[in-house]
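Peer 1: The structure file query_7.cif (mmCIF, N, CA and C atoms) is provided below.
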```cif
data_input
#
loop_
_atom_site.label_atom_id
_atom_site.label_comp_id
_atom_site.auth_asym_id
_atom_site.auth_seq_id
_atom_site.Cartn_x
_atom_site.Cartn_y
_atom_site.Cartn_z
N MET A 1 0.18 -30.44 -7.83
CA MET A 1 -0.89 -29.61 -7.27
C MET A 1 -1.01 -29.81 -5.76
N ILE A 2 -0.95 -31.07 -5.33
CA ILE A 2 -1.14 -31.35 -3.91
C ILE A 2 0.00 -30.79 -3.06
N GLU A 3 1.19 -30.64 -3.64
CA GLU A 3 2.31 -30.12 -2.85
C GLU A 3 2.18 -28.62 -2.59
N TYR A 4 1.30 -27.95 -3.33
CA TYR A 4 1.11 -26.51 -3.15
C TYR A 4 -0.15 -26.18 -2.36
N ILE A 5 -0.78 -27.17 -1.76
CA ILE A 5 -2.04 -26.93 -1.06
C ILE A 5 -1.85 -25.98 0.13
N HIS A 6 -0.70 -26.05 0.77
CA HIS A 6 -0.41 -25.16 1.90
C HIS A 6 -0.40 -23.70 1.45
N GLU A 7 0.28 -23.43 0.36
CA GLU A 7 0.37 -22.07 -0.15
C GLU A 7 -0.96 -21.58 -0.70
N ILE A 8 -1.73 -22.47 -1.30
CA ILE A 8 -3.05 -22.11 -1.82
C ILE A 8 -3.99 -21.74 -0.68
N LEU A 9 -3.97 -22.53 0.39
CA LEU A 9 -4.81 -22.21 1.55
C LEU A 9 -4.37 -20.90 2.21
N LEU A 10 -3.08 -20.66 2.27
CA LEU A 10 -2.59 -19.41 2.84
C LEU A 10 -3.03 -18.21 2.00
N ALA A 11 -2.91 -18.33 0.68
CA ALA A 11 -3.36 -17.25 -0.21
C ALA A 11 -4.86 -17.04 -0.09
N PHE A 12 -5.62 -18.13 0.03
CA PHE A 12 -7.07 -18.02 0.18
C PHE A 12 -7.45 -17.32 1.48
N SER A 13 -6.82 -17.71 2.58
CA SER A 13 -7.17 -17.10 3.87
C SER A 13 -6.80 -15.62 3.90
N LEU A 14 -5.67 -15.25 3.32
CA LEU A 14 -5.28 -13.84 3.31
C LEU A 14 -6.17 -13.03 2.37
N THR A 15 -6.62 -13.64 1.28
CA THR A 15 -7.57 -12.97 0.39
C THR A 15 -8.90 -12.75 1.09
N MET A 16 -9.36 -13.75 1.82
CA MET A 16 -10.62 -13.62 2.57
C MET A 16 -10.50 -12.53 3.63
N ALA A 17 -9.35 -12.44 4.27
CA ALA A 17 -9.13 -11.39 5.26
C ALA A 17 -9.17 -10.01 4.61
N LEU A 18 -8.58 -9.90 3.43
CA LEU A 18 -8.59 -8.62 2.71
C LEU A 18 -10.01 -8.24 2.30
N ILE A 19 -10.78 -9.19 1.82
CA ILE A 19 -12.18 -8.92 1.44
C ILE A 19 -12.99 -8.53 2.65
N ALA A 20 -12.80 -9.23 3.77
CA ALA A 20 -13.54 -8.90 5.00
C ALA A 20 -13.17 -7.51 5.50
N THR A 21 -11.91 -7.14 5.38
CA THR A 21 -11.49 -5.79 5.78
C THR A 21 -12.18 -4.73 4.94
N TYR A 22 -12.26 -4.95 3.64
CA TYR A 22 -12.95 -4.02 2.75
C TYR A 22 -14.42 -3.90 3.13
N LEU A 23 -15.06 -5.03 3.42
CA LEU A 23 -16.48 -5.01 3.79
C LEU A 23 -16.71 -4.31 5.13
N VAL A 24 -15.76 -4.43 6.05
CA VAL A 24 -15.88 -3.71 7.33
C VAL A 24 -15.86 -2.21 7.08
N ILE A 25 -14.97 -1.77 6.22
CA ILE A 25 -14.84 -0.34 5.95
C ILE A 25 -16.07 0.21 5.24
N LYS A 26 -16.63 -0.54 4.30
CA LYS A 26 -17.75 -0.05 3.50
C LYS A 26 -19.12 -0.24 4.15
N SER A 27 -19.22 -1.05 5.18
CA SER A 27 -20.51 -1.36 5.78
C SER A 27 -21.05 -0.18 6.60
N ARG A 28 -22.32 0.13 6.40
CA ARG A 28 -22.98 1.18 7.18
C ARG A 28 -23.68 0.59 8.41
N ASP A 29 -23.96 -0.71 8.37
CA ASP A 29 -24.56 -1.40 9.51
C ASP A 29 -23.43 -1.86 10.43
N LEU A 30 -23.41 -1.35 11.65
CA LEU A 30 -22.29 -1.63 12.55
C LEU A 30 -22.26 -3.09 13.00
N ILE A 31 -23.42 -3.73 13.11
CA ILE A 31 -23.45 -5.15 13.48
C ILE A 31 -22.80 -5.99 12.38
N LYS A 32 -23.11 -5.69 11.12
CA LYS A 32 -22.47 -6.40 10.01
C LYS A 32 -20.96 -6.15 10.02
N ALA A 33 -20.56 -4.96 10.37
CA ALA A 33 -19.13 -4.65 10.43
C ALA A 33 -18.43 -5.50 11.49
N VAL A 34 -19.09 -5.73 12.61
CA VAL A 34 -18.51 -6.58 13.66
C VAL A 34 -18.40 -8.02 13.17
N VAL A 35 -19.41 -8.50 12.47
CA VAL A 35 -19.38 -9.87 11.93
C VAL A 35 -18.25 -10.00 10.90
N PHE A 36 -18.11 -9.01 10.03
CA PHE A 36 -17.02 -9.06 9.05
C PHE A 36 -15.66 -8.98 9.74
N SER A 37 -15.58 -8.24 10.83
CA SER A 37 -14.34 -8.18 11.59
C SER A 37 -14.01 -9.54 12.21
N ALA A 38 -15.02 -10.25 12.69
CA ALA A 38 -14.80 -11.59 13.23
C ALA A 38 -14.35 -12.54 12.13
N ILE A 39 -14.92 -12.42 10.94
CA ILE A 39 -14.50 -13.25 9.80
C ILE A 39 -13.05 -12.95 9.45
N GLN A 40 -12.68 -11.69 9.50
CA GLN A 40 -11.30 -11.31 9.25
C GLN A 40 -10.37 -11.96 10.27
N SER A 41 -10.76 -11.96 11.52
CA SER A 41 -9.94 -12.57 12.56
C SER A 41 -9.80 -14.07 12.35
N ILE A 42 -10.86 -14.72 11.92
CA ILE A 42 -10.80 -16.16 11.65
C ILE A 42 -9.86 -16.43 10.47
N ALA A 43 -9.92 -15.59 9.44
CA ALA A 43 -9.05 -15.78 8.28
C ALA A 43 -7.58 -15.59 8.67
N TYR A 44 -7.29 -14.58 9.48
CA TYR A 44 -5.91 -14.39 9.93
C TYR A 44 -5.47 -15.54 10.84
N SER A 45 -6.36 -16.06 11.64
CA SER A 45 -6.02 -17.21 12.48
C SER A 45 -5.66 -18.42 11.64
N LEU A 46 -6.41 -18.64 10.56
CA LEU A 46 -6.07 -19.74 9.65
C LEU A 46 -4.69 -19.51 9.03
N ALA A 47 -4.40 -18.27 8.67
CA ALA A 47 -3.08 -17.96 8.10
C ALA A 47 -1.98 -18.22 9.12
N TYR A 48 -2.17 -17.82 10.37
CA TYR A 48 -1.17 -18.10 11.40
C TYR A 48 -1.01 -19.59 11.64
N TYR A 49 -2.11 -20.34 11.57
CA TYR A 49 -2.04 -21.78 11.74
C TYR A 49 -1.22 -22.41 10.61
N LEU A 50 -1.45 -21.95 9.39
CA LEU A 50 -0.69 -22.48 8.26
C LEU A 50 0.78 -22.09 8.33
N LEU A 51 1.09 -21.00 9.01
CA LEU A 51 2.48 -20.57 9.19
C LEU A 51 3.10 -21.18 10.45
N ALA A 52 2.39 -22.14 11.06
CA ALA A 52 2.88 -22.91 12.21
C ALA A 52 3.11 -22.05 13.44
N ALA A 53 2.13 -21.24 13.79
CA ALA A 53 2.20 -20.42 15.00
C ALA A 53 0.94 -20.67 15.84
N PRO A 54 0.81 -21.85 16.46
CA PRO A 54 -0.43 -22.19 17.17
C PRO A 54 -0.71 -21.33 18.40
N ASP A 55 0.32 -20.81 19.06
CA ASP A 55 0.10 -19.96 20.21
C ASP A 55 -0.56 -18.64 19.80
N ILE A 56 -0.14 -18.10 18.67
CA ILE A 56 -0.74 -16.87 18.18
C ILE A 56 -2.18 -17.12 17.73
N VAL A 57 -2.43 -18.30 17.16
CA VAL A 57 -3.78 -18.65 16.71
C VAL A 57 -4.74 -18.64 17.89
N LEU A 58 -4.36 -19.26 18.98
CA LEU A 58 -5.25 -19.32 20.15
C LEU A 58 -5.51 -17.94 20.73
N ALA A 59 -4.47 -17.13 20.83
CA ALA A 59 -4.65 -15.78 21.36
C ALA A 59 -5.48 -14.93 20.42
N TYR A 60 -5.23 -15.03 19.11
CA TYR A 60 -5.95 -14.22 18.14
C TYR A 60 -7.42 -14.59 18.08
N LEU A 61 -7.72 -15.88 18.18
CA LEU A 61 -9.13 -16.29 18.19
C LEU A 61 -9.84 -15.80 19.45
N ALA A 62 -9.18 -15.93 20.59
CA ALA A 62 -9.82 -15.51 21.84
C ALA A 62 -10.08 -14.01 21.86
N VAL A 63 -9.11 -13.23 21.42
CA VAL A 63 -9.26 -11.78 21.45
C VAL A 63 -10.03 -11.27 20.25
N GLY A 64 -9.63 -11.67 19.05
CA GLY A 64 -10.21 -11.13 17.83
C GLY A 64 -11.66 -11.49 17.60
N VAL A 65 -12.01 -12.72 17.89
CA VAL A 65 -13.39 -13.16 17.68
C VAL A 65 -14.21 -13.01 18.95
N GLY A 66 -13.64 -13.35 20.08
CA GLY A 66 -14.39 -13.36 21.33
C GLY A 66 -14.53 -12.01 22.00
N ILE A 67 -13.49 -11.58 22.65
CA ILE A 67 -13.55 -10.39 23.50
C ILE A 67 -13.84 -9.13 22.69
N TYR A 68 -13.12 -8.96 21.59
CA TYR A 68 -13.27 -7.75 20.76
C TYR A 68 -14.70 -7.63 20.22
N SER A 69 -15.24 -8.73 19.71
CA SER A 69 -16.60 -8.70 19.15
C SER A 69 -17.64 -8.42 20.22
N ILE A 70 -17.49 -9.02 21.37
CA ILE A 70 -18.44 -8.80 22.46
C ILE A 70 -18.40 -7.35 22.93
N LEU A 71 -17.21 -6.78 23.07
CA LEU A 71 -17.11 -5.38 23.49
C LEU A 71 -17.72 -4.44 22.45
N LEU A 72 -17.48 -4.71 21.17
CA LEU A 72 -18.06 -3.87 20.14
C LEU A 72 -19.58 -3.99 20.09
N LEU A 73 -20.10 -5.20 20.23
CA LEU A 73 -21.56 -5.37 20.25
C LEU A 73 -22.18 -4.67 21.45
N TYR A 74 -21.51 -4.69 22.59
CA TYR A 74 -22.01 -3.97 23.76
C TYR A 74 -22.01 -2.46 23.51
N ALA A 75 -20.94 -1.94 22.90
CA ALA A 75 -20.88 -0.51 22.62
C ALA A 75 -21.95 -0.12 21.60
N ILE A 76 -22.19 -0.96 20.60
CA ILE A 76 -23.22 -0.67 19.60
C ILE A 76 -24.60 -0.69 20.23
N SER A 77 -24.81 -1.56 21.21
CA SER A 77 -26.13 -1.61 21.86
C SER A 77 -26.43 -0.33 22.63
N LYS A 78 -25.41 0.41 22.99
CA LYS A 78 -25.60 1.67 23.72
C LYS A 78 -25.74 2.86 22.77
N THR A 79 -25.53 2.65 21.48
CA THR A 79 -25.61 3.73 20.51
C THR A 79 -26.55 3.33 19.38
N GLU A 80 -26.40 3.98 18.24
CA GLU A 80 -27.19 3.67 17.06
C GLU A 80 -26.56 2.51 16.29
N ARG A 81 -27.42 1.69 15.67
CA ARG A 81 -26.91 0.55 14.92
C ARG A 81 -26.35 0.96 13.56
N TYR A 82 -26.98 1.92 12.93
CA TYR A 82 -26.57 2.31 11.58
C TYR A 82 -25.78 3.59 11.61
N GLU A 83 -24.74 3.65 10.81
CA GLU A 83 -23.93 4.85 10.68
C GLU A 83 -24.67 5.83 9.77
N GLU A 84 -24.76 7.07 10.21
CA GLU A 84 -25.44 8.08 9.41
C GLU A 84 -24.51 8.59 8.32
N VAL A 85 -25.09 8.85 7.17
CA VAL A 85 -24.32 9.40 6.06
C VAL A 85 -24.31 10.91 6.20
N GLU A 86 -23.14 11.49 6.17
CA GLU A 86 -22.99 12.93 6.31
C GLU A 86 -23.26 13.59 4.98
N LYS A 87 -24.18 14.57 4.99
CA LYS A 87 -24.52 15.29 3.77
C LYS A 87 -23.73 16.58 3.73
N ARG A 88 -23.08 16.81 2.61
CA ARG A 88 -22.30 18.04 2.44
C ARG A 88 -22.94 18.92 1.40
N GLY A 89 -22.81 20.18 1.58
CA GLY A 89 -23.31 21.06 0.53
C GLY A 89 -24.12 22.18 0.98
#
```
As structure tokens, what does this structure read like?
Peer 2:
Amino acid sequence: MIEYIHEILLAFSLTMALIATYLVIKSRDLIKAVVFSAIQSIAYSLAYYLLAAPDIVLAYLAVGVGIYSILLLYAISKTERYEEVEKRG
């Protein structure tokens, strides 16, 4: 069991990234979508770390969690927080 811990952690981080991606798509609250996007970036960073790519981890954390989230939060502050549901019919 202990010899497979690397693969288990990799599968867990990629599953968390997939779940976070789904939650970003389904979320109507744009602030929550940004938080889920940051969680997705953290999960992918863990996957890159487990795959022994520390340079990509540092860049992905800085851009994916830091700069990207700040820019999105700034853009949301200039618009509406909640996405409106389009009514058809």
Peer 1: Decode the PyMOL selection byres ((chain A and resi 60-71) around 6.5) for the given file into explicit residues and return them as a ChimeraX atom specification.
Peer 2: /A:34,37-38,41-42,45,55-59,72-76
Peer 1: Could you state which residues are captured by the PyMOL selection byres (((chain A and resi 28 and name CA) around 7) and name CA) in this file, as an MDAnalysis selection string?
Peer 2: chainID A and resid 26:27 29:30 82:83
Peer 1: So that I can check the surroundings of segment 3-13 of chain A, please list as a list in words every protein, DNA and RNA residue that reaches within 10 Å of it, counting only C-alpha atoms and ignoring chain neighbours fewer than 4 positions away.
Peer 2: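 Near segment 3-13 of chain A, the qualifying residues are Ala17, Leu18, Ile19, Gln40, Ile42, Ala43, Tyr44, Ser45, Leu46, Ala47, Tyr48, Tyr49, Leu50 and Leu51 of chain A.
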Peer 1: Could you check how far atom CA of Arg81 of chain A sits from atom CA of Thr15 of chain A, in Å to one decimal?
Peer 2: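 That distance, rounded to one decimal, is 27.7 Å.
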Peer 1: State, in Å with one decimal place, the distance from atom N of Ile2 of chain A to atom N of Ala52 of chain A.
Peer 2: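 Answer for the atom N of Ile2 of chain A to atom N of Ala52 of chain A separation: 19.0 Å.
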